[in-house]
Amino acid sequence: MKTKTLIVACLAASVAMAAQTQDGVLLRRVLKEGDVDKYRVTFDTKQLMNIPTGLGEQDLTISGTMLYTLKIGKIDASGTAEAEATTTVEKTEAGGSIGAMMPPMPTTAPIVQKGKLDVQNRLKLAGTAATMMATSTSQNLLGLMIEFPQKAVKQGDTWEILVPKSPVTASVDQKLIAKLKGEADVSGQPVWVLGLNGTLKTEIDQSKMGKSGGQAPAGPFGNAQIVANGTMELDADVMVAKATGRTVSMVTRMKNKTNTTINGAITIDATGTGTAKAELVK
């Protein structure tokens, strides 16, 4: 009887592996009430700015760490869970020629947002500009909760990821492309390797942020009215646990070009690069 049971189990496993090979893999997030995902994120950016007031090209670097925590609450009949995300900036430092002229960056209170998370890893958080993550912070976290496709995918397959419009980032919905790049092993844990890339337009208007309830930081230009338009190229690698669909780690690389107008009079062109890394804290 034991031999027969073993043979049946082996046949079932073989059928499952054959189905996965033929039909691809159905990426899904396992949701369990009370689970907490905690990530430590490190970020590092550098901007080269052409300032037309006789200063010429100047540089600004921003680096730091933050903690991102996602708590899973009650799960409804459809399998969608209540979720609470908390972003805590632990440290932020400015450097370069512009950073040297800036005052120390203030400590900010944690940002707490509530929303919903489903089995396709679609995280929808509520909040106005006052409670949304600042633009630079949200860019650092793009890809951390990468949305899974509705259908099964094979290695090399791609799908679209919606980046919703926002008073803080852009006035229109935009899209990035996700891809199943392959599989790997992270500290003994089998993972799927997903990619995320594309180019996003950025539209930042300090006055609109204020009207939505947010308070734009003063920064190196005091309380000047700032309007910035540009593009950001993004390329990320995301490691997702095969067993649970939980993000294990993420590396995001960014390039940007920005045209910024201050008080409608001074225009600054800038190019920059940045890297953000997130690791699941055990």
# chains A, B, ... in the order shown; residues from 1 in each chain; ligands from 1

$ residues_around --residues "A:Gly34" --least-positions-apart "5" --cutoff "12 Å" --atoms "only C-alpha atoms" --output "PyMOL selection string"
chain A and resi 70-75+81-84

$ select_by_dssp --residues "stretch 68-127 of chain A" --states "alpha helix (DSSP H)" --output "ChimeraX atom specification"
/A:96-99

$ write_last_selection --atoms "N, CA and C atoms" --output "PDB file, in the first residue's frame"
ATOM      1  N   GLY A  96      27.293  66.758  -2.083  1.00  0.00           N
ATOM      2  CA  GLY A  96      27.602  67.500  -3.295  1.00  0.00           C
ATOM      3  C   GLY A  96      27.637  68.994  -3.033  1.00  0.00           C
ATOM      4  N   SER A  97      27.884  69.776  -4.080  1.00  0.00           N
ATOM      5  CA  SER A  97      28.017  71.223  -3.912  1.00  0.00           C
ATOM      6  C   SER A  97      26.717  71.873  -3.444  1.00  0.00           C
ATOM      7  N   ILE A  98      25.571  71.375  -3.913  1.00  0.00           N
ATOM      8  CA  ILE A  98      24.293  71.932  -3.462  1.00  0.00           C
ATOM      9  C   ILE A  98      23.952  71.420  -2.076  1.00  0.00           C
ATOM     10  N   GLY A  99      24.203  70.145  -1.829  1.00  0.00           N
ATOM     11  CA  GLY A  99      23.911  69.574  -0.519  1.00  0.00           C
ATOM     12  C   GLY A  99      24.665  70.260   0.598  1.00  0.00           C
TER      13      GLY A  99
END

$ atom_distance --atom1 "atom CA of A:Glu147" --atom2 "atom CA of A:Asp235"
15.3 Å

$ residues_around --residues "A:Trp159" --least-positions-apart "2" --cutoff "8 Å" --atoms "only C-alpha atoms" --output "number ranges by chain"
A: 149, 157, 161, 177-179

$ residues_around --residues "A:Asp37" --least-positions-apart "4" --cutoff "9 Å" --atoms "only C-alpha atoms" --output "CSV table (one decimal) with N, CA and C atoms, in the first residue's frame"
chain,number,residue,atom,x,y,z
A,68,TYR,N,10.0,49.9,5.4
A,68,TYR,CA,8.7,49.8,4.8
A,68,TYR,C,8.0,48.5,5.4
A,69,THR,N,6.9,48.7,6.0
A,69,THR,CA,6.2,47.6,6.7
A,69,THR,C,4.8,47.4,6.1
A,70,LEU,N,4.4,46.2,5.8
A,70,LEU,CA,3.1,45.9,5.2
A,70,LEU,C,2.4,44.8,6.1
A,71,LYS,N,1.3,45.2,6.7
A,71,LYS,CA,0.6,44.3,7.6
A,71,LYS,C,-0.7,43.8,6.9
A,72,ILE,N,-0.9,42.5,7.0
A,72,ILE,CA,-2.1,41.8,6.3
A,72,ILE,C,-3.2,41.7,7.4
A,246,ARG,N,5.8,36.2,-2.1
A,246,ARG,CA,6.2,37.3,-1.3
A,246,ARG,C,7.6,37.8,-1.8
A,247,THR,N,7.7,39.2,-2.0
A,247,THR,CA,9.0,39.7,-2.4
A,247,THR,C,10.1,39.5,-1.4
A,280,LEU,N,14.1,41.9,2.5
A,280,LEU,CA,13.1,41.5,3.5
A,280,LEU,C,13.8,41.3,4.9
A,281,VAL,N,13.3,41.9,5.9
A,281,VAL,CA,13.9,41.8,7.2
A,281,VAL,C,13.3,40.6,7.9
A,282,LYS,N,14.1,39.7,8.3
A,282,LYS,CA,13.6,38.5,9.0
A,282,LYS,C,13.4,38.7,10.5

$ closest_residue --among "A:Thr107, A:Thr61, A:Ser166, A:Gln189" --to "A:Ala126" --atoms "only C-alpha atoms"
A:Ser166

$ closest_residue --among "A:Asn263, A:Ser78, A:Gln174, A:Thr275" --to "A:Thr231" --atoms "only C-alpha atoms"
A:Gln174

$ residues_around --residues "A:Leu200" --least-positions-apart "3" --cutoff "9 Å" --atoms "only C-alpha atoms" --output "ChimeraX atom specification"
/A:163,170,174-176,230-234

$ closest_residue --among "A:Lys257, A:Gly156, A:Ile268, A:Ala241" --to "A:Lys46" --atoms "only C-alpha atoms"
A:Lys257

$ residues_around --residues "A:Gly245" --least-positions-apart "5" --cutoff "10 Å" --atoms "only C-alpha atoms" --output "list in words"
Leu27, Arg28, Arg29, Val30, Leu31, Val119, Gln120, Asn121, Met145, Ile146, Phe148, Val191, Trp192, Met239 and Val240 of chain A

$ write_last_selection --atoms "N, CA and C atoms" --output "CSV table (one decimal), in the first residue's frame"
chain,number,residue,atom,x,y,z
A,27,LEU,N,1.6,33.0,-11.2
A,27,LEU,CA,2.1,33.8,-10.0
A,27,LEU,C,1.0,34.3,-9.1
A,28,ARG,N,1.1,33.9,-7.9
A,28,ARG,CA,0.0,34.3,-6.9
A,28,ARG,C,0.6,34.6,-5.6
A,29,ARG,N,0.0,35.5,-4.8
A,29,ARG,CA,0.5,35.9,-3.5
A,29,ARG,C,-0.4,35.1,-2.5
A,30,VAL,N,0.2,34.4,-1.6
A,30,VAL,CA,-0.5,33.7,-0.5
A,30,VAL,C,-0.7,34.7,0.6
A,31,LEU,N,-2.0,34.9,0.9
A,31,LEU,CA,-2.4,35.9,2.0
A,31,LEU,C,-2.8,35.2,3.2
A,119,VAL,N,-4.6,38.5,-4.4
A,119,VAL,CA,-3.7,37.4,-4.7
A,119,VAL,C,-2.8,37.7,-5.9
A,120,GLN,N,-3.2,38.7,-6.7
A,120,GLN,CA,-2.3,39.1,-7.8
A,120,GLN,C,-1.3,40.2,-7.4
A,121,ASN,N,-1.2,40.3,-6.0
A,121,ASN,CA,-0.2,41.2,-5.5
A,121,ASN,C,-0.5,42.7,-5.8
A,145,MET,N,6.1,45.8,-4.6
A,145,MET,CA,4.9,45.0,-4.7
A,145,MET,C,4.5,44.9,-6.1
A,146,ILE,N,5.3,44.1,-6.9
A,146,ILE,CA,5.0,44.0,-8.3
A,146,ILE,C,3.8,43.2,-8.6
A,148,PHE,N,1.2,40.8,-10.3
A,148,PHE,CA,1.3,39.5,-11.0
A,148,PHE,C,0.2,39.5,-12.2
A,191,VAL,N,13.2,31.1,-5.8
A,191,VAL,CA,12.5,32.4,-6.1
A,191,VAL,C,12.4,32.5,-7.6
A,192,TRP,N,11.3,33.2,-8.0
A,192,TRP,CA,11.2,33.7,-9.4
A,192,TRP,C,11.9,35.0,-9.6
A,239,MET,N,13.0,39.7,-6.7
A,239,MET,CA,13.0,38.2,-6.4
A,239,MET,C,11.8,37.9,-5.6
A,240,VAL,N,11.0,37.0,-6.1
A,240,VAL,CA,9.7,36.6,-5.5
A,240,VAL,C,9.7,35.1,-5.1
